[in-house]
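The structure appears right after this line, and notes come after that.
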Amino acid sequence: MGILNVTPDSFSDGGRFVDRERALAHAHQMIADGADIIDVGGESTRPGASPVSVDEEQARVVPLVEALAREGLLVSVDTRKPDVMKAALAAGAGMVNDVRALQAPGAAEAAVAGRAAVCLMHMQGEPRTMQKEPHYADVVTEVRDFLVGRARASEAAGIARERIVIDPGFGFGKTVAHNLALLRGLRVLVETGYPVLAGLSRKSMLGALADRDVNERASASVAAALAAVARGAAIVRVHDVRETVDALKVWQAIETE
Ligand code: 9MG
């Protein structure tokens, strides 16, 4: 899954793809580099990011979703807002990537009506304050139990099991130690039977571990993506598609006898 942030303030590529032609060109490049899904987001979830109105978010994402879907590409819409989900699904998106795991009133209904696949992500707290003092007794079990609960609620709302992906939400209300525990314990999530998505790309945890600024984290991100796939992740959400795909090809060749 290649990340396409059409926001002025995302933590890594904020402002780069606000221009529609540049955004489309970047999406095409990610597909050429081997992405299977383009995740289009119009509101940053980084701590301290400015909130965006429904109208503004729709104006950012819907034309892009429409253009990419018209080309037959699988497009995911990264949003927490049911109205944006509805508009993006009507424009041809096939997946909803919701960092709030469809907890907003009307979100599950929007996904059901749009026959969408969904990615349900774990987050402790809310983006503005989530990194203040995250706390867990047992991060892996708590995240697993939350995600299974949200997946069951989504199924009860009418989303088919095979359309549900779960995601531990690296960096969303988690310290570096929590993120590492989740990555080491990713198999516990895989064992639920739901496909697991891992989003570690360029995150601050990698900055802390590799001592790199945000735009110098490609190698660290590739290492993290490989570690996630080695533990059973089915999808990795990344900025550096080409580098990640190359590394995965080599790793898969080694693993396949
Ligand atoms: C929008 N967004 C930012 N980070 C993410 C992650 O780790 N997973 C998912 N599903 N979405 C994310």
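For the structure tokens, the naming scheme is as follows: chains receive sequential letters (A, B, ...) according to their order of presentation, residues are indexed from 1 within each chain, and ligands are indexed from 1 in presentation order.
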
- Item | Nearby polymer residues, ligand 1, at most 7 Å, only C-alpha atoms and all ligand atoms, as a ChimeraX atom specification | /A:41,45,78,97-99,119-121,167,169-170,197-200,237

- Item | Distance query Ala117 in chain A at most 10 Å, only C-alpha atoms, self and fewer than 6 positions along chain excluded, as a ChimeraX atom specification | /A:76,93-97,111,159-165

- Message: So that I can check the surroundings of Pro8 in chain A, please list as a PyMOL selection string every protein, DNA and RNA residue that reaches within 10 Å of it, counting only C-alpha atoms and ignoring chain neighbours fewer than 4 positions away.
- Response: chain A and resi 13-18+42-44+49-50

Take the selection from the previous step and output its residues with all heavy atoms, as a PDB file, in the first residue's frame.
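That gives us again.pdb:
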ATOM      1  N   ASP A  13       5.481  13.865   4.253  1.00  0.00           N
ATOM      2  CA  ASP A  13       5.434  14.464   2.919  1.00  0.00           C
ATOM      3  C   ASP A  13       4.424  15.602   2.847  1.00  0.00           C
ATOM      4  O   ASP A  13       3.859  15.871   1.793  1.00  0.00           O
ATOM      5  CB  ASP A  13       5.128  13.395   1.866  1.00  0.00           C
ATOM      6  CG  ASP A  13       4.015  12.465   2.311  1.00  0.00           C
ATOM      7  OD1 ASP A  13       3.355  12.795   3.322  1.00  0.00           O
ATOM      8  OD2 ASP A  13       3.808  11.439   1.665  1.00  0.00           O
ATOM      9  N   GLY A  14       4.178  16.269   3.980  1.00  0.00           N
ATOM     10  CA  GLY A  14       3.195  17.357   4.034  1.00  0.00           C
ATOM     11  C   GLY A  14       3.454  18.396   2.948  1.00  0.00           C
ATOM     12  O   GLY A  14       4.568  18.873   2.787  1.00  0.00           O
ATOM     13  N   GLY A  15       2.412  18.716   2.177  1.00  0.00           N
ATOM     14  CA  GLY A  15       2.509  19.773   1.166  1.00  0.00           C
ATOM     15  C   GLY A  15       3.031  19.321  -0.184  1.00  0.00           C
ATOM     16  O   GLY A  15       2.825  20.006  -1.181  1.00  0.00           O
ATOM     17  N   ARG A  16       3.633  18.170  -0.280  1.00  0.00           N
ATOM     18  CA  ARG A  16       4.273  17.778  -1.554  1.00  0.00           C
ATOM     19  C   ARG A  16       3.262  17.431  -2.625  1.00  0.00           C
ATOM     20  O   ARG A  16       3.517  17.607  -3.807  1.00  0.00           O
ATOM     21  CB  ARG A  16       5.191  16.561  -1.343  1.00  0.00           C
ATOM     22  CG  ARG A  16       6.550  16.945  -0.806  1.00  0.00           C
ATOM     23  CD  ARG A  16       7.461  15.752  -0.785  1.00  0.00           C
ATOM     24  NE  ARG A  16       7.846  15.297  -2.117  1.00  0.00           N
ATOM     25  CZ  ARG A  16       8.284  14.070  -2.374  1.00  0.00           C
ATOM     26  NH1 ARG A  16       8.375  13.185  -1.417  1.00  0.00           N
ATOM     27  NH2 ARG A  16       8.627  13.733  -3.596  1.00  0.00           N
ATOM     28  N   PHE A  17       2.089  16.881  -2.205  1.00  0.00           N
ATOM     29  CA  PHE A  17       1.158  16.366  -3.208  1.00  0.00           C
ATOM     30  C   PHE A  17      -0.205  17.049  -3.158  1.00  0.00           C
ATOM     31  O   PHE A  17      -1.207  16.469  -3.544  1.00  0.00           O
ATOM     32  CB  PHE A  17       1.040  14.840  -3.064  1.00  0.00           C
ATOM     33  CG  PHE A  17       2.371  14.168  -3.171  1.00  0.00           C
ATOM     34  CD1 PHE A  17       2.915  13.486  -2.096  1.00  0.00           C
ATOM     35  CD2 PHE A  17       3.116  14.286  -4.335  1.00  0.00           C
ATOM     36  CE1 PHE A  17       4.167  12.902  -2.179  1.00  0.00           C
ATOM     37  CE2 PHE A  17       4.372  13.708  -4.434  1.00  0.00           C
ATOM     38  CZ  PHE A  17       4.903  13.019  -3.354  1.00  0.00           C
ATOM     39  N   VAL A  18      -0.214  18.290  -2.687  1.00  0.00           N
ATOM     40  CA  VAL A  18      -1.473  19.040  -2.661  1.00  0.00           C
ATOM     41  C   VAL A  18      -1.906  19.340  -4.095  1.00  0.00           C
ATOM     42  O   VAL A  18      -3.091  19.310  -4.426  1.00  0.00           O
ATOM     43  CB  VAL A  18      -1.304  20.330  -1.824  1.00  0.00           C
ATOM     44  CG1 VAL A  18      -2.543  21.203  -1.928  1.00  0.00           C
ATOM     45  CG2 VAL A  18      -1.037  19.966  -0.358  1.00  0.00           C
ATOM     46  N   GLY A  42      -6.615  12.946   3.269  1.00  0.00           N
ATOM     47  CA  GLY A  42      -6.743  14.407   3.186  1.00  0.00           C
ATOM     48  C   GLY A  42      -6.714  15.100   4.529  1.00  0.00           C
ATOM     49  O   GLY A  42      -6.963  16.301   4.609  1.00  0.00           O
ATOM     50  N   GLU A  43      -6.422  14.333   5.592  1.00  0.00           N
ATOM     51  CA  GLU A  43      -6.297  14.963   6.920  1.00  0.00           C
ATOM     52  C   GLU A  43      -5.166  14.280   7.666  1.00  0.00           C
ATOM     53  O   GLU A  43      -5.173  13.062   7.827  1.00  0.00           O
ATOM     54  CB  GLU A  43      -7.594  14.819   7.729  1.00  0.00           C
ATOM     55  CG  GLU A  43      -7.498  15.450   9.106  1.00  0.00           C
ATOM     56  CD  GLU A  43      -8.795  15.317   9.933  1.00  0.00           C
ATOM     57  OE1 GLU A  43      -9.381  14.214   9.938  1.00  0.00           O
ATOM     58  OE2 GLU A  43      -9.190  16.292  10.548  1.00  0.00           O
ATOM     59  N   SER A  44      -4.221  15.052   8.147  1.00  0.00           N
ATOM     60  CA  SER A  44      -3.093  14.460   8.860  1.00  0.00           C
ATOM     61  C   SER A  44      -3.535  13.944  10.231  1.00  0.00           C
ATOM     62  O   SER A  44      -4.363  14.558  10.896  1.00  0.00           O
ATOM     63  CB  SER A  44      -1.997  15.514   9.047  1.00  0.00           C
ATOM     64  OG  SER A  44      -0.988  14.984   9.878  1.00  0.00           O
ATOM     65  N   ALA A  49      -1.759  18.124  14.497  1.00  0.00           N
ATOM     66  CA  ALA A  49      -2.196  18.526  13.144  1.00  0.00           C
ATOM     67  C   ALA A  49      -3.510  19.305  13.224  1.00  0.00           C
ATOM     68  O   ALA A  49      -4.326  19.067  14.112  1.00  0.00           O
ATOM     69  CB  ALA A  49      -2.386  17.292  12.275  1.00  0.00           C
ATOM     70  N   SER A  50      -3.699  20.228  12.278  1.00  0.00           N
ATOM     71  CA  SER A  50      -4.933  21.026  12.302  1.00  0.00           C
ATOM     72  C   SER A  50      -6.112  20.185  11.825  1.00  0.00           C
ATOM     73  O   SER A  50      -5.984  19.452  10.844  1.00  0.00           O
ATOM     74  CB  SER A  50      -4.832  22.215  11.351  1.00  0.00           C
ATOM     75  OG  SER A  50      -3.549  22.704  11.320  1.00  0.00           O
TER      76      SER A  50
END

- Write down as a list in words the residues of range 29-58 of chain A whose backbone DSSP state falls under strand (DSSP E).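 Listing strand (DSSP E) positions across range 29-58 of chain A yields Ile37, Ile38, Asp39, Val40 and Gly41 of chain A.
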
Kindly export the residues of the current selection with N, CA, C and O atoms, as a PDB file, in the first residue's frame.
ATOM      1  N   ILE A  37      -2.151  -1.026  -3.808  1.00  0.00           N
ATOM      2  CA  ILE A  37      -3.225  -0.173  -3.284  1.00  0.00           C
ATOM      3  C   ILE A  37      -2.646   1.230  -3.104  1.00  0.00           C
ATOM      4  O   ILE A  37      -1.500   1.372  -2.652  1.00  0.00           O
ATOM      5  N   ILE A  38      -3.448   2.253  -3.421  1.00  0.00           N
ATOM      6  CA  ILE A  38      -3.043   3.633  -3.116  1.00  0.00           C
ATOM      7  C   ILE A  38      -3.946   4.142  -1.998  1.00  0.00           C
ATOM      8  O   ILE A  38      -5.176   4.131  -2.130  1.00  0.00           O
ATOM      9  N   ASP A  39      -3.332   4.571  -0.906  1.00  0.00           N
ATOM     10  CA  ASP A  39      -4.081   5.056   0.256  1.00  0.00           C
ATOM     11  C   ASP A  39      -4.084   6.583   0.237  1.00  0.00           C
ATOM     12  O   ASP A  39      -3.069   7.212   0.502  1.00  0.00           O
ATOM     13  N   VAL A  40      -5.255   7.158  -0.089  1.00  0.00           N
ATOM     14  CA  VAL A  40      -5.356   8.607  -0.256  1.00  0.00           C
ATOM     15  C   VAL A  40      -5.895   9.236   1.025  1.00  0.00           C
ATOM     16  O   VAL A  40      -6.984   8.879   1.488  1.00  0.00           O
ATOM     17  N   GLY A  41      -5.137  10.165   1.598  1.00  0.00           N
ATOM     18  CA  GLY A  41      -5.561  10.807   2.848  1.00  0.00           C
ATOM     19  C   GLY A  41      -5.567  12.313   2.726  1.00  0.00           C
ATOM     20  O   GLY A  41      -4.639  12.905   2.169  1.00  0.00           O
TER      21      GLY A  41
END

- Query: Out of A:Pro127, A:Pro105, A:Pro195, A:Gly207, which residue has the shortest atom-to-atom distance to Ile235 in chain A when counting only C-alpha atoms?
  - Reply: A:Pro195

- Task: Extract, using only C-alpha atoms, all DNA, RNA and protein residues at most 10 Å from Val140 in chain A, discarding same-chain residues fewer than 2 positions from it, and format them as a list in words.
- Result: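 Surrounding residues, per the criterion: Tyr136, Ala137, Asp138, Glu142, Val143, Arg144, Asp145, Pro168, His178, Asn179, Ala181, Leu182, Leu183, Arg184, Gly185, Leu186, Arg187, Val188 and Leu189 of chain A.
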
Write the residues you've just listed into a file as a short mmCIF file (atom, residue, chain, number, x, y, z; two decimals), in the first residue's frame, and include all heavy atoms for each of them.
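Result went into selection03.cif, see below:
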data_model
loop_
_atom_site.label_atom_id
_atom_site.label_comp_id
_atom_site.auth_asym_id
_atom_site.auth_seq_id
_atom_site.Cartn_x
_atom_site.Cartn_y
_atom_site.Cartn_z
N TYR A 136 -0.09 0.76 28.93
CA TYR A 136 -0.72 -0.56 28.73
C TYR A 136 -0.18 -1.50 29.80
O TYR A 136 1.00 -1.41 30.17
CB TYR A 136 -0.35 -1.17 27.37
CG TYR A 136 -0.71 -0.32 26.17
CD1 TYR A 136 0.14 0.70 25.75
CD2 TYR A 136 -1.88 -0.55 25.46
CE1 TYR A 136 -0.17 1.49 24.65
CE2 TYR A 136 -2.21 0.24 24.35
CZ TYR A 136 -1.35 1.25 23.95
OH TYR A 136 -1.67 2.02 22.85
N ALA A 137 -1.01 -2.44 30.25
CA ALA A 137 -0.49 -3.51 31.12
C ALA A 137 0.19 -4.54 30.22
O ALA A 137 1.26 -5.05 30.53
CB ALA A 137 -1.63 -4.14 31.91
N ASP A 138 -0.45 -4.86 29.10
CA ASP A 138 0.11 -5.82 28.15
C ASP A 138 -0.31 -5.36 26.75
O ASP A 138 -1.44 -5.63 26.31
CB ASP A 138 -0.45 -7.22 28.45
CG ASP A 138 -0.01 -8.27 27.43
OD1 ASP A 138 0.51 -7.89 26.35
OD2 ASP A 138 -0.18 -9.46 27.72
N GLU A 142 -3.83 -6.30 24.69
CA GLU A 142 -4.85 -5.25 24.67
C GLU A 142 -5.18 -4.81 23.25
O GLU A 142 -6.35 -4.62 22.89
CB GLU A 142 -4.40 -4.04 25.51
CG GLU A 142 -4.45 -4.33 27.00
CD GLU A 142 -3.85 -3.23 27.85
OE1 GLU A 142 -4.11 -2.04 27.60
OE2 GLU A 142 -3.09 -3.57 28.77
N VAL A 143 -4.14 -4.67 22.43
CA VAL A 143 -4.37 -4.25 21.04
C VAL A 143 -5.11 -5.38 20.30
O VAL A 143 -6.08 -5.13 19.57
CB VAL A 143 -3.04 -3.89 20.35
CG1 VAL A 143 -3.20 -3.76 18.85
CG2 VAL A 143 -2.49 -2.60 20.94
N ARG A 144 -4.69 -6.61 20.50
CA ARG A 144 -5.38 -7.75 19.86
C ARG A 144 -6.86 -7.78 20.24
O ARG A 144 -7.74 -7.89 19.40
CB ARG A 144 -4.68 -9.06 20.27
CG ARG A 144 -5.07 -10.28 19.48
CD ARG A 144 -6.04 -11.26 20.16
NE ARG A 144 -6.02 -11.32 21.59
CZ ARG A 144 -5.41 -12.27 22.31
NH1 ARG A 144 -4.75 -13.24 21.72
NH2 ARG A 144 -5.49 -12.27 23.64
N ASP A 145 -7.13 -7.65 21.54
CA ASP A 145 -8.53 -7.75 22.00
C ASP A 145 -9.38 -6.61 21.44
O ASP A 145 -10.53 -6.81 21.04
CB ASP A 145 -8.59 -7.77 23.53
CG ASP A 145 -8.02 -9.07 24.10
OD1 ASP A 145 -7.75 -9.99 23.29
OD2 ASP A 145 -7.82 -9.15 25.31
N PRO A 168 -2.23 -2.78 14.08
CA PRO A 168 -1.93 -2.40 15.47
C PRO A 168 -1.74 -0.90 15.68
O PRO A 168 -1.71 -0.44 16.81
CB PRO A 168 -0.62 -3.15 15.76
CG PRO A 168 -0.01 -3.41 14.43
CD PRO A 168 -1.17 -3.59 13.47
N HIS A 178 6.50 0.13 23.32
CA HIS A 178 5.22 -0.49 22.92
C HIS A 178 5.26 -0.93 21.45
O HIS A 178 4.80 -2.02 21.10
CB HIS A 178 4.06 0.51 23.09
CG HIS A 178 3.78 0.91 24.50
ND1 HIS A 178 3.46 2.19 24.86
CD2 HIS A 178 3.76 0.18 25.65
CE1 HIS A 178 3.26 2.24 26.17
NE2 HIS A 178 3.43 1.04 26.67
N ASN A 179 5.79 -0.06 20.58
CA ASN A 179 5.85 -0.39 19.15
C ASN A 179 6.72 -1.63 18.92
O ASN A 179 6.37 -2.50 18.11
CB ASN A 179 6.42 0.79 18.36
CG ASN A 179 5.45 1.96 18.29
OD1 ASN A 179 4.26 1.77 18.14
ND2 ASN A 179 5.97 3.17 18.40
N ALA A 181 7.35 -4.02 21.06
CA ALA A 181 6.64 -5.20 21.59
C ALA A 181 5.59 -5.67 20.59
O ALA A 181 5.42 -6.87 20.35
CB ALA A 181 6.01 -4.87 22.93
N LEU A 182 4.88 -4.71 19.98
CA LEU A 182 3.85 -5.07 18.99
C LEU A 182 4.46 -5.70 17.76
O LEU A 182 3.91 -6.66 17.19
CB LEU A 182 3.05 -3.83 18.60
CG LEU A 182 1.95 -3.43 19.58
CD1 LEU A 182 1.45 -2.03 19.27
CD2 LEU A 182 0.80 -4.43 19.54
N LEU A 183 5.58 -5.18 17.33
CA LEU A 183 6.23 -5.75 16.14
C LEU A 183 6.75 -7.16 16.45
O LEU A 183 6.53 -8.10 15.68
CB LEU A 183 7.36 -4.82 15.67
CG LEU A 183 8.00 -5.15 14.33
CD1 LEU A 183 6.99 -5.42 13.23
CD2 LEU A 183 8.92 -4.00 13.92
N ARG A 184 7.36 -7.31 17.61
CA ARG A 184 7.84 -8.66 17.99
C ARG A 184 6.68 -9.62 18.13
O ARG A 184 6.80 -10.81 17.81
CB ARG A 184 8.59 -8.59 19.32
CG ARG A 184 9.90 -7.87 19.24
CD ARG A 184 10.67 -7.99 20.55
NE ARG A 184 11.81 -7.11 20.54
CZ ARG A 184 11.94 -6.02 21.30
NH1 ARG A 184 11.03 -5.70 22.19
NH2 ARG A 184 13.01 -5.26 21.18
N GLY A 185 5.54 -9.11 18.61
CA GLY A 185 4.38 -9.98 18.88
C GLY A 185 3.35 -9.98 17.78
O GLY A 185 2.21 -10.40 17.99
N LEU A 186 3.73 -9.52 16.57
CA LEU A 186 2.74 -9.37 15.49
C LEU A 186 2.00 -10.67 15.18
O LEU A 186 0.85 -10.66 14.78
CB LEU A 186 3.42 -8.83 14.23
CG LEU A 186 2.51 -8.07 13.26
CD1 LEU A 186 2.03 -6.75 13.89
CD2 LEU A 186 3.23 -7.77 11.95
N ARG A 187 2.69 -11.80 15.41
CA ARG A 187 2.04 -13.10 15.11
C ARG A 187 0.76 -13.30 15.92
O ARG A 187 -0.16 -13.98 15.48
CB ARG A 187 2.99 -14.26 15.36
CG ARG A 187 4.05 -14.36 14.30
CD ARG A 187 4.39 -15.81 13.93
NE ARG A 187 5.25 -15.80 12.76
CZ ARG A 187 4.83 -15.79 11.51
NH1 ARG A 187 3.53 -15.79 11.24
NH2 ARG A 187 5.68 -15.76 10.51
N VAL A 188 0.72 -12.69 17.10
CA VAL A 188 -0.49 -12.82 17.93
C VAL A 188 -1.68 -12.21 17.19
O VAL A 188 -2.79 -12.72 17.24
CB VAL A 188 -0.27 -12.14 19.30
CG1 VAL A 188 -1.54 -12.08 20.12
CG2 VAL A 188 0.84 -12.86 20.07
N LEU A 189 -1.44 -11.11 16.47
CA LEU A 189 -2.52 -10.52 15.66
C LEU A 189 -2.80 -11.38 14.44
O LEU A 189 -3.96 -11.59 14.06
CB LEU A 189 -2.15 -9.10 15.22
CG LEU A 189 -1.85 -8.07 16.31
CD1 LEU A 189 -1.80 -6.67 15.70
CD2 LEU A 189 -2.89 -8.10 17.39
#

- Atomic separation - CA of Glu66 in chain A relative to CA of Arg80 in chain A, Å: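 For CA of Arg80 in chain A relative to CA of Glu66 in chain A, the distance reads 18.9 Å.
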
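Here the question is which of A:Asp36, A:Glu155, A:Asp19, A:Asp246 gets nearest to Leu74 in chain A using only C-alpha atoms, and that residue is A:Asp36.
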
- Task: Skip Ser204 in chain A itself and residues of its chain fewer than 4 positions away, then list as a list of chain:residue names all residues within 8 Å of it, counting only C-alpha atoms.
- Result: A:Gly171, A:Ala208, A:Val214

- Message: as a ChimeraX atom specification, please: every residue in range 62-202 of chain A that a backbone DSSP assignment puts in helix (DSSP H, G or I).
- Response: /A:62-70,82-90,107-113,139-157,161-163,176-184,186-190

- Query: Which residues come within 10 Å of Lys81 in chain A, counting only C-alpha atoms, excluding same-chain residues fewer than 4 positions away, as number ranges by chain?
  - Reply: A: 53-54, 57-58, 85-86, 98, 100, 102-107, 110

N, CA and C atoms of the current selection, written as a JSON list (two decimals), in the first residue's frame:
[["chain", "number", "residue", "atom", "x", "y", "z"],
["A", 53, "SER", "N", -12.24, 20.38, 7.83],
["A", 53, "SER", "CA", -13.70, 20.22, 7.70],
["A", 53, "SER", "C", -14.00, 19.09, 6.71],
["A", 54, "VAL", "N", -15.24, 18.59, 6.78],
["A", 54, "VAL", "CA", -15.66, 17.54, 5.85],
["A", 54, "VAL", "C", -15.51, 18.04, 4.41],
["A", 57, "GLU", "N", -11.86, 18.20, 3.34],
["A", 57, "GLU", "CA", -11.28, 16.85, 3.16],
["A", 57, "GLU", "C", -11.81, 16.20, 1.88],
["A", 58, "GLN", "N", -13.11, 16.36, 1.66],
["A", 58, "GLN", "CA", -13.68, 15.78, 0.42],
["A", 58, "GLN", "C", -13.06, 16.43, -0.81],
["A", 85, "MET", "N", -16.02, 9.09, 3.89],
["A", 85, "MET", "CA", -16.06, 7.68, 3.43],
["A", 85, "MET", "C", -17.09, 7.52, 2.32],
["A", 86, "LYS", "N", -18.31, 8.03, 2.59],
["A", 86, "LYS", "CA", -19.40, 7.86, 1.61],
["A", 86, "LYS", "C", -19.01, 8.47, 0.27],
["A", 98, "ASP", "N", -9.44, 3.38, 8.37],
["A", 98, "ASP", "CA", -9.94, 4.25, 9.44],
["A", 98, "ASP", "C", -9.11, 4.07, 10.70],
["A", 100, "ARG", "N", -9.72, 5.19, 13.41],
["A", 100, "ARG", "CA", -10.64, 5.07, 14.55],
["A", 100, "ARG", "C", -11.46, 3.77, 14.48],
["A", 102, "LEU", "N", -13.74, 2.49, 12.66],
["A", 102, "LEU", "CA", -15.19, 2.60, 12.43],
["A", 102, "LEU", "C", -15.98, 2.87, 13.71],
["A", 103, "GLN", "N", -15.37, 3.58, 14.66],
["A", 103, "GLN", "CA", -16.11, 3.87, 15.90],
["A", 103, "GLN", "C", -16.98, 5.12, 15.80],
["A", 104, "ALA", "N", -16.75, 5.98, 14.81],
["A", 104, "ALA", "CA", -17.59, 7.18, 14.68],
["A", 104, "ALA", "C", -19.00, 6.77, 14.29],
["A", 105, "PRO", "N", -20.02, 7.43, 14.87],
["A", 105, "PRO", "CA", -21.39, 7.08, 14.48],
["A", 105, "PRO", "C", -21.56, 7.21, 12.98],
["A", 106, "GLY", "N", -22.09, 6.15, 12.35],
["A", 106, "GLY", "CA", -22.34, 6.18, 10.90],
["A", 106, "GLY", "C", -21.18, 5.65, 10.07],
["A", 107, "ALA", "N", -20.03, 5.40, 10.69],
["A", 107, "ALA", "CA", -18.87, 4.94, 9.90],
["A", 107, "ALA", "C", -19.09, 3.52, 9.37],
["A", 110, "ALA", "N", -21.57, 3.51, 6.61],
["A", 110, "ALA", "CA", -21.01, 4.04, 5.35],
["A", 110, "ALA", "C", -20.20, 2.96, 4.64]]

- Message: When you count only C-alpha atoms, which of these residues is closest to Tyr194 in chain A: A:Arg152, A:Glu133, A:Arg212, A:Thr7?
- Response: A:Arg152
